[in-house]
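Student: Sharing a structure with you now.
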Amino acid sequence: MIWGLYRVLSLVIFMLFATSANAGAYRAQERKTDSIPVKERVGAAALPTEIAPINAPFKMPQLRRPVFPGRSMAITENGAKEGAKVTGIIQQTIEQLNKQGGGKVIIPKGKWYTGRITLLNNINLEIAEGAELYFSGEVEDYRPAVFTRNEGIEVMSLGACIYANGQRNIAITGKGKLIGPAKGGSVRKQIMTKDVIENVISHTTPLAQRIYEAHKGDFIFPPMFISPINCNNVFIEGISLENTAFWNVVPVYCDSVIIRGITVHSVGIPRGDGIDIESSRNVLIEYCTLTTGDDAFTIKAGRGYDGLRVNRPTENVVIRNGLVLEGHGGITCGSETASMIRNLYVHDCVFENARSAIRFKTRRPRGGGGENLFYERIRISGSRYAFEWDMLGSATHVGAAAARYPPRAKDALTPVFRNIKAENIIIEKATQFIKATAIPESPLANVVINQIRSNTESLITAADVDGFTISNAIISVQHPVVDLLDTRNILFNKVTILSPSNTIQFKVEGPLSHQIRFRNSSPSRPSGWKNNSWQKNVSTAK
């Protein structure tokens with residue numbers, strides 16, 4: 001109740017502020033953020049017919065929907081019957097059209113049951129409106145093992161419910177629904193849960209010996225829902241997915257991918273990521289609605305030494321007009337980052353109820369990291385953190401490497417996050433504005449957050465950061481405290497803090513902290529500072 005009253009008072013303060021001497025600057029910023037979309041303008045329900053040109057802050061090709069031969073065939077033409085398992089008939093129809101040069105394989109209206117489906121060159125798998133395609137919950141329906149990647153490590157296992165390897169010009173389209181492996185079956189019962197995958201599969205083990213298909217009841221690595229691997233010109237549009245056993249849509253080692261207008265629901269499913277782009281390039285994701293049990297839009301690039309061995313970055317990815325209704329992260333980079341994530345542009349999106357709206361995560365044993373990452377015109381509501389960087393992780397997954405100190409010597413697995421820009425962001429409601437946890441040997445570097453309107457309970461905690469600017473921001477906050485540890489080269493420029501106390505408190509610790517400045521801001525400096533700059537070894541509390 002107190003927080004609700006404070007929000008009302010903040011609005012009054014905003015209105016009073018708009019009539020002050022700074023009204024011109026405020027109105028200019030408001031015009032900037034007025035262009036940020038509301039949820040009715042984004043997501044699958046707002047999908048337009050045409051694909052608009054791609055405009056990105058890096059060089060990227062214009063991606064276009066693939067063209068397929070005019071022939072088509074429904075699986076019923078090959079004898080498919082509702083209520084029976086139709087895996088063989090679906091595969092027969094795919095192979096038949098593939099041999100003729102390609103075309104559309106149609107899953108018509110009705111309830112259909114299947115095991116793994118493998119797409120081939122020039123095949124468009126159409127899930128018709130009213131069609132429900134149910135995938136088996138039994139391991140035997142996904143054998144033999146196929147080449148895939150599980151949590152960033154190459155393996156021979158179940159692959160994906162819809163799988164392709166080394167194919168060109170493939171599509172999954174339609175307004176129908178895919179339902180993942182049935183609960184209670186061997187797929188879910190035999191998922192490997194005893195340890196993290198890099199402790200189970202050594203990077204020195206040859207791929208031919210990494211076979212996990214559970215003939216004797218042993219564990220398996222779960223199938224993704226849709227995962228083309230080593231494919232070119234991939235198109236996925238319109239479908240709905242629910243009840244996955246693992247990550248939902250996962251292009252791996254692909255080039256030229258379009259994913260548009262899909263709907264994912266995986267709430268309550270551990271590791272139920274929405275869309276994971278892994279070690280792929282030239283990707284457009286637009287007008288998708290994700291409600292997930294883990295991260296929603298996710299960018300990955302391999303894990304640890306195995307990811308370094310493969311050495312295939314994810315680069316040139318545009319995500320636009322997306323809607324997240326629930327998830328651990330709205331847009332997440334990591335935590336598999338070994339081969340680097342670079343050239344990512346996320347714009348005109350709405351993130352609701354994501355634990356961390358704009359999220360960056362990696363670990364000391366993961367390697368790589370992210371750079372040249374851009375975020376623009378994003379609306380955030382209901383998050384714990386509007387921005388979160390986490391480069392440590394938990395001891396459960398990485399052991400002693402989760403401890404900040406002592407610093408480790410830099411090696412091939414030392415990750416980085418750098419050169420990140422976010423602007424024109426509205427944070428309607430969040431618990432905390434920024435949480436940044438980097439590592440001493442590899443500080444978070446060169447971050448710019450510009451043109452912000454924010455309403456949060458708390459402000460900023462940061463450790464091991466070198467180069468962070470917040471500018472042109474109006475921040476309404478209940479607890480205006482900034483807690484910094486070994487942070488340097490921090491600038492608040494044209495930042496207005498609106499709080500019950502009309503002050504801002506700084507707690508600065510660590511021998512490396514220095515050069516923290518306020519410029520053209522209100523309050524003009526934090527409480528207790530003699531001037532608007534905090535320098536190393538200079539007391540500001542006197």
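Each chain in the structure tokens gets a letter, A, B and so on, in the order shown; residues start at 1 in every chain, and ligands are counted from 1 in the order they appear.
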Would you list the contacts of A:Ile170 as a list in words, taking every protein, DNA or RNA residue within 10 Å and counting only C-alpha atoms, but skipping same-chain residues closer than 5 positions in sequence?
Tutor: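 Everything that qualifies: Pro66, Val67, Phe68, Gly102, Gly103, Lys104, Leu119, Leu120, Asn121, Asn122, Ile123, Asn124, Leu125, Ala164, Pro228, Cys231, Asn232, Asn233, Val234, Phe235, Ile236 and Val257 of chain A.
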Student: Give me the residues within 12 Å of A:Glu423 as a list of chain:residue names, counting only C-alpha atoms and dropping any in the same chain fewer than 5 places off.
Tutor: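 My list of contacting residues is A:Gln29, A:Lys32, A:Thr33, A:Ser35, A:Ile36, A:Tyr345, A:Val346, A:His347, A:Asp348, A:Leu373, A:Phe374, A:Tyr375, A:Glu376, A:Arg377, A:Ile378, A:Arg379, A:Val447, A:Val448, A:Ile449, A:Asn450, A:Gln451, A:Ile452, A:Arg453, A:Thr469, A:Ile470, A:Ser471, A:Asn472, A:Ala473.
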Student: For A:Tyr253, which residue among A:Asp276, A:Glu129, A:Glu95, A:Glu388 is the nearest when counting only C-alpha atoms?
Tutor: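 Smallest distance to A:Tyr253 is found for A:Asp276.
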Student: Give me the residues within 8 Å of stretch 37-48 of chain A as a short mmCIF file (atom, residue, chain, number, x, y, z; two decimals) with N, CA, C and O atoms, in the first residue's frame, counting only C-alpha atoms and dropping any in the same chain fewer than 5 places off.
Tutor:
data_model
loop_
_atom_site.label_atom_id
_atom_site.label_comp_id
_atom_site.auth_asym_id
_atom_site.auth_seq_id
_atom_site.Cartn_x
_atom_site.Cartn_y
_atom_site.Cartn_z
N GLY A 238 4.35 -18.79 -37.40
CA GLY A 238 2.94 -18.95 -37.09
C GLY A 238 2.56 -20.02 -36.09
O GLY A 238 1.49 -19.95 -35.49
N ARG A 260 9.24 -16.05 -37.03
CA ARG A 260 8.28 -14.96 -36.88
C ARG A 260 6.89 -15.48 -36.49
O ARG A 260 6.44 -16.52 -36.97
N GLY A 261 6.28 -14.74 -35.60
CA GLY A 261 4.89 -14.99 -35.26
C GLY A 261 4.62 -16.30 -34.55
O GLY A 261 3.49 -16.80 -34.60
N ILE A 262 5.61 -16.87 -33.86
CA ILE A 262 5.34 -18.11 -33.14
C ILE A 262 4.94 -17.80 -31.70
O ILE A 262 5.24 -16.73 -31.16
N THR A 263 4.25 -18.76 -31.08
CA THR A 263 3.82 -18.64 -29.69
C THR A 263 4.35 -19.83 -28.91
O THR A 263 4.18 -20.98 -29.34
N GLU A 286 10.99 -12.03 -35.12
CA GLU A 286 10.05 -10.92 -35.00
C GLU A 286 8.64 -11.41 -34.66
O GLU A 286 8.23 -12.50 -35.03
N TYR A 287 7.93 -10.56 -33.92
CA TYR A 287 6.52 -10.77 -33.59
C TYR A 287 6.25 -12.14 -32.95
O TYR A 287 5.27 -12.80 -33.26
N CYS A 288 7.12 -12.53 -32.03
CA CYS A 288 6.91 -13.79 -31.31
C CYS A 288 6.42 -13.51 -29.89
O CYS A 288 6.82 -12.51 -29.28
N THR A 289 5.56 -14.37 -29.37
CA THR A 289 5.05 -14.27 -28.01
C THR A 289 5.55 -15.45 -27.20
O THR A 289 5.24 -16.61 -27.54
N ASN A 321 9.92 -6.46 -32.17
CA ASN A 321 8.47 -6.60 -32.00
C ASN A 321 8.09 -7.86 -31.23
O ASN A 321 7.07 -8.49 -31.50
N GLY A 322 8.94 -8.23 -30.28
CA GLY A 322 8.69 -9.43 -29.48
C GLY A 322 7.92 -9.11 -28.21
O GLY A 322 7.99 -8.01 -27.67
N LEU A 323 7.19 -10.11 -27.72
CA LEU A 323 6.42 -9.98 -26.49
C LEU A 323 6.76 -11.14 -25.56
O LEU A 323 6.61 -12.30 -25.93
N ASP A 348 12.08 -2.52 -30.11
CA ASP A 348 10.62 -2.48 -30.17
C ASP A 348 9.99 -3.74 -29.58
O ASP A 348 9.22 -4.45 -30.24
N CYS A 349 10.33 -4.00 -28.32
CA CYS A 349 9.83 -5.18 -27.63
C CYS A 349 9.17 -4.79 -26.31
O CYS A 349 9.44 -3.72 -25.76
N VAL A 350 8.31 -5.69 -25.81
CA VAL A 350 7.68 -5.53 -24.51
C VAL A 350 7.99 -6.78 -23.68
O VAL A 350 7.71 -7.90 -24.11
N ARG A 377 14.18 0.95 -27.63
CA ARG A 377 12.71 1.03 -27.60
C ARG A 377 12.11 -0.24 -27.00
O ARG A 377 11.45 -1.03 -27.66
N ILE A 378 12.33 -0.39 -25.69
CA ILE A 378 11.86 -1.56 -24.96
C ILE A 378 11.04 -1.11 -23.76
O ILE A 378 11.43 -0.19 -23.04
N ARG A 379 9.91 -1.78 -23.55
CA ARG A 379 9.05 -1.50 -22.40
C ARG A 379 9.13 -2.68 -21.44
O ARG A 379 8.98 -3.84 -21.83
#
Student: For the strand (DSSP E) assignment from backbone DSSP, which residues of stretch 275-505 of chain A qualify? Please present them as a ChimeraX atom specification.
Tutor: /A:275-278,281-286,289-291,297-300,314-320,323-333,341-352,354-361,369-390,416-437,444-498,505
